[in-house]
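Colleague: Structure provided below as structure tokens; questions to follow.
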Amino acid sequence: MAESLHKESKVIEDISAKFKIAGKVQRERRVWVTIDKDELIALCNFAKGLGFEHLSAISVTDWPEEGTFELTYHLWSYSERILLTIKTKLDRANPAVGSVVPIWKENAQIHERELHELFGVEFEGNEDLTPLFLEDWDGPPPFRKDFDWKEYVRQQYYDQANERERAYYD
Amino acid sequence: MVEQATKMKRLINAIWIFNWFNSCGFCELIPLVGSRWDMERFGMIITGTPRHADVLFIAGYQTLKSIKRAQVIYEQMPDPKAVIALGACTMSGGMYWDSYNTIKRLADYIPVNIYIPGCPPRPEAVFEACMKIFHHVGAVPPHGRKFAKAHRG
């Protein structure tokens, strides 16, 4: 088993030599790294240099109790066949992070636009953060866990005085 | 009125349909297009552009974004025109009744002539709605908008 994870360990060695962070080989072809948000862009640049040229996805996890957003970048290397997962945490009150659009171009653009509209994360350096789906939206970012969407819908669409819609308020 | 009635006769021979379907909406019409129910034998033909269409089929939930496009499509259709709304989503939001991003009643945004209930509606129900158009088309004023306004009160 140890030999078969050689190339995965190599990725972590390369990264920890430069960034002083510990990574973890999750299993075959899966590597996880957690980094401070100030070093994120540098690490992404470095990872692309290692061959992680495809950004599969960016996702946000909302942790309201901790007051953080956790950003997860999934990077794929076609040459090594490894999925590198980079995680970083942002302050929930001020969720700003550097944009990776200069690194992965259009690949990153669509994800950053989506996360901006659904979680309100600011990607500094991204020129075009116009909403993807929510045109004319005036509520809070809807995927935040503290967004009471049921209450929002009641106010926006339904009328408690209407007998046929009273059931929506029960 | 005579002129309007003549205009409406065109609808009686055949209705040309433009489809505007979101999400699972098109599942509702696929059986009709196929050979078993075969809508073309009744003169129902799907067109590629709203400018050639008499009837607009709207199915599935409409999001805040897609309803604007649907309104543009409706405006592009020549008079006389009718709107048929398929499925529970167009009537009440369906299973998306508590979604922040979908509209709840299609008639609040577009004049709807006929709602077809069901999730999805049976093909026979769609036929029945179209037969109602064929049968009562003479009684429908040519401007769908006025018709809908009068009936919404």
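Letters for chains follow the order of the structure tokens (A, B, ...), residue numbers begin at 1 for each chain, and ligand numbers begin at 1 in the order shown.
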Name the residues in contact with Arg27 in chain A at a cut-off of 8 Å, using only C-alpha atoms, excluding same-chain residues fewer than 3 positions from it; report them as an MDAnalysis selection string.
Modeller: chainID A and resid 5 30:31
Colleague: Using only C-alpha atoms and a cut-off of 7 Å, which residues of chain B sit close to chain A? Please list them as an mmCIF file with N, CA, C and O atoms, in the first residue's frame.
Modeller:
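iface.cif, freshly written:
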```cif
data_model
loop_
_atom_site.group_PDB
_atom_site.id
_atom_site.type_symbol
_atom_site.label_atom_id
_atom_site.label_comp_id
_atom_site.auth_asym_id
_atom_site.auth_seq_id
_atom_site.Cartn_x
_atom_site.Cartn_y
_atom_site.Cartn_z
ATOM 1 N N LEU B 64 -37.197 33.083 -11.448
ATOM 2 C CA LEU B 64 -37.296 34.533 -11.623
ATOM 3 C C LEU B 64 -36.595 34.961 -12.908
ATOM 4 O O LEU B 64 -36.957 35.956 -13.526
ATOM 5 N N LYS B 65 -35.598 34.194 -13.314
ATOM 6 C CA LYS B 65 -34.861 34.552 -14.523
ATOM 7 C C LYS B 65 -35.603 34.082 -15.765
ATOM 8 O O LYS B 65 -35.742 34.818 -16.740
ATOM 9 N N ASP B 98 -42.160 26.403 -1.747
ATOM 10 C CA ASP B 98 -41.427 27.212 -0.766
ATOM 11 C C ASP B 98 -40.026 27.559 -1.254
ATOM 12 O O ASP B 98 -39.134 27.798 -0.463
ATOM 13 N N SER B 99 -39.839 27.583 -2.570
ATOM 14 C CA SER B 99 -38.530 27.958 -3.090
ATOM 15 C C SER B 99 -38.451 29.465 -3.266
ATOM 16 O O SER B 99 -39.401 30.092 -3.722
ATOM 17 N N TYR B 100 -37.310 30.026 -2.907
ATOM 18 C CA TYR B 100 -37.159 31.478 -2.984
ATOM 19 C C TYR B 100 -36.979 31.955 -4.420
ATOM 20 O O TYR B 100 -37.060 33.133 -4.691
#
```
Colleague: Measuring atom to atom with only C-alpha atoms, identify which of A:Asp128, A:Glu114, A:Glu106, A:Glu28 is nearest to Ser59 in chain A.
Modeller: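 Ranking A:Asp128, A:Glu114, A:Glu106, A:Glu28 by distance to Ser59 in chain A, first place goes to A:Glu114.
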Colleague: Which of these, A:Leu118, A:Ile15, A:Val97, A:Leu129, has the shortest distance to Phe46 in chain A once you count only C-alpha atoms?
Modeller: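 Of the candidates, the smallest distance to Phe46 in chain A is held by A:Ile15.
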Colleague: Just the residues within 10 Å of Phe26 in chain B, please, counting only C-alpha atoms, with nothing from its chain fewer than 3 positions along; format it as a list in words.
Modeller: Asn19, Trp20, Phe21, Asn22, Ser23, Leu29, Ile30, Pro31, Phe57, Ile58, Ala59, Gly60, Leu86 and Pro120 of chain B
Colleague: Which polymer residues have any atom within 10 Å of an atom of Ala47 in chain A, counting only C-alpha atoms, with same-chain residues fewer than 3 positions away left out, as a VMD selection string?
Modeller: chain A and resid 11 14 to 15 41 to 44 50 to 53 75 to 77 84 86
Colleague: Pull all heavy atoms from the residues just selected and write them as a compact mmCIF listing (two decimals), in the first residue's frame.
Modeller:
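selection30.txt was written with the following content:
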```
# COMPACT_ATOMS: atom_id res chain seq x y z
N VAL A 11 3.45 14.69 -4.01
CA VAL A 11 2.75 15.97 -4.12
C VAL A 11 2.79 16.71 -2.79
O VAL A 11 3.10 17.90 -2.73
CB VAL A 11 1.28 15.75 -4.56
CG1 VAL A 11 0.49 17.03 -4.45
CG2 VAL A 11 1.22 15.22 -5.98
N ASP A 14 6.30 18.02 -2.07
CA ASP A 14 6.59 19.23 -2.86
C ASP A 14 5.93 20.46 -2.24
O ASP A 14 6.54 21.52 -2.13
CB ASP A 14 6.08 19.06 -4.30
CG ASP A 14 6.96 18.10 -5.09
OD1 ASP A 14 8.06 17.79 -4.60
OD2 ASP A 14 6.53 17.66 -6.17
N ILE A 15 4.66 20.29 -1.84
CA ILE A 15 3.93 21.44 -1.30
C ILE A 15 4.47 21.83 0.06
O ILE A 15 4.73 23.00 0.33
CB ILE A 15 2.42 21.11 -1.21
CG1 ILE A 15 1.83 21.04 -2.63
CG2 ILE A 15 1.69 22.17 -0.39
CD1 ILE A 15 0.38 20.62 -2.67
N ILE A 41 -3.46 31.90 -2.96
CA ILE A 41 -3.17 32.16 -4.37
C ILE A 41 -1.78 31.64 -4.73
O ILE A 41 -1.59 31.03 -5.80
CB ILE A 41 -3.29 33.67 -4.66
CG1 ILE A 41 -4.70 34.14 -4.34
CG2 ILE A 41 -2.97 33.96 -6.11
CD1 ILE A 41 -5.79 33.41 -5.08
N ALA A 42 -0.84 31.84 -3.82
CA ALA A 42 0.52 31.33 -4.07
C ALA A 42 0.50 29.82 -4.21
O ALA A 42 1.13 29.25 -5.10
CB ALA A 42 1.44 31.76 -2.93
N LEU A 43 -0.28 29.15 -3.34
CA LEU A 43 -0.35 27.69 -3.41
C LEU A 43 -1.03 27.24 -4.70
O LEU A 43 -0.60 26.28 -5.34
CB LEU A 43 -1.11 27.15 -2.19
CG LEU A 43 -1.38 25.64 -2.20
CD1 LEU A 43 -0.07 24.86 -2.25
CD2 LEU A 43 -2.18 25.22 -0.99
N CYS A 44 -2.07 27.96 -5.10
CA CYS A 44 -2.76 27.59 -6.34
C CYS A 44 -1.82 27.73 -7.54
O CYS A 44 -1.79 26.87 -8.42
CB CYS A 44 -4.01 28.45 -6.55
SG CYS A 44 -5.34 28.01 -5.42
N LEU A 50 2.71 22.30 -10.66
CA LEU A 50 2.93 20.86 -10.44
C LEU A 50 2.15 20.01 -11.44
O LEU A 50 2.29 18.79 -11.46
CB LEU A 50 2.49 20.48 -9.02
CG LEU A 50 3.37 20.90 -7.85
CD1 LEU A 50 2.75 20.43 -6.55
CD2 LEU A 50 4.78 20.37 -7.99
N GLY A 51 1.27 20.62 -12.19
CA GLY A 51 0.51 19.85 -13.19
C GLY A 51 -0.98 19.81 -12.92
O GLY A 51 -1.72 19.17 -13.65
N PHE A 52 -1.42 20.52 -11.86
CA PHE A 52 -2.87 20.54 -11.59
C PHE A 52 -3.51 21.63 -12.44
O PHE A 52 -3.78 22.73 -11.99
CB PHE A 52 -3.12 20.77 -10.10
CG PHE A 52 -2.68 19.61 -9.26
CD1 PHE A 52 -1.41 19.56 -8.71
CD2 PHE A 52 -3.54 18.54 -9.06
CE1 PHE A 52 -1.00 18.47 -7.96
CE2 PHE A 52 -3.13 17.45 -8.31
CZ PHE A 52 -1.87 17.42 -7.77
N GLU A 53 -3.73 21.28 -13.69
CA GLU A 53 -4.14 22.32 -14.63
C GLU A 53 -5.66 22.41 -14.77
O GLU A 53 -6.15 23.33 -15.42
CB GLU A 53 -3.51 22.06 -15.99
CG GLU A 53 -3.78 20.68 -16.53
CD GLU A 53 -2.82 20.35 -17.66
OE1 GLU A 53 -1.64 20.77 -17.59
OE2 GLU A 53 -3.24 19.68 -18.60
N LEU A 75 -8.70 20.26 -7.53
CA LEU A 75 -7.81 20.37 -8.69
C LEU A 75 -7.46 18.99 -9.21
O LEU A 75 -7.17 18.08 -8.43
CB LEU A 75 -6.52 21.10 -8.30
CG LEU A 75 -6.69 22.39 -7.51
CD1 LEU A 75 -5.33 22.93 -7.13
CD2 LEU A 75 -7.46 23.41 -8.32
N TRP A 76 -7.47 18.88 -10.51
CA TRP A 76 -7.16 17.58 -11.11
C TRP A 76 -5.91 17.70 -11.97
O TRP A 76 -5.74 18.68 -12.71
CB TRP A 76 -8.35 17.13 -11.97
CG TRP A 76 -8.12 15.84 -12.68
CD1 TRP A 76 -7.90 15.66 -14.01
CD2 TRP A 76 -8.08 14.52 -12.11
NE1 TRP A 76 -7.73 14.34 -14.30
CE2 TRP A 76 -7.84 13.62 -13.16
CE3 TRP A 76 -8.22 14.04 -10.80
CZ2 TRP A 76 -7.74 12.24 -12.95
CZ3 TRP A 76 -8.12 12.67 -10.60
CH2 TRP A 76 -7.89 11.79 -11.66
N SER A 77 -5.07 16.69 -11.83
CA SER A 77 -3.87 16.64 -12.66
C SER A 77 -4.04 15.51 -13.68
O SER A 77 -4.20 14.36 -13.31
CB SER A 77 -2.64 16.37 -11.79
OG SER A 77 -1.56 15.95 -12.60
N LEU A 84 -6.36 16.94 -6.15
CA LEU A 84 -5.82 17.70 -5.02
C LEU A 84 -6.91 18.61 -4.48
O LEU A 84 -7.52 19.37 -5.22
CB LEU A 84 -4.62 18.53 -5.48
CG LEU A 84 -4.05 19.52 -4.47
CD1 LEU A 84 -3.48 18.80 -3.25
CD2 LEU A 84 -2.96 20.37 -5.11
N ILE A 86 -7.74 21.59 -1.97
CA ILE A 86 -7.17 22.66 -1.15
C ILE A 86 -8.29 23.30 -0.36
O ILE A 86 -9.30 23.72 -0.92
CB ILE A 86 -6.48 23.72 -2.03
CG1 ILE A 86 -5.34 23.08 -2.82
CG2 ILE A 86 -5.96 24.86 -1.18
CD1 ILE A 86 -4.66 24.04 -3.78
```
Colleague: I need the helix (DSSP H, G or I) residues of range 12-138 of chain B per DSSP on the backbone, written as a ChimeraX atom specification.
Modeller: /B:12-13,23-28,30-33,39-42,50-52,64-76,88-92,94-96,106-108,123-138
Colleague: Mind checking which residues fall within 9 Å of Tyr109 in chain B, counting only C-alpha atoms, ignoring those fewer than 6 positions away in the same chain, and posting them as a list of chain:residue names?
Modeller: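 Surrounding residues, per the criterion: B:Ile67, B:Lys68, B:Gln71, B:Ile103.
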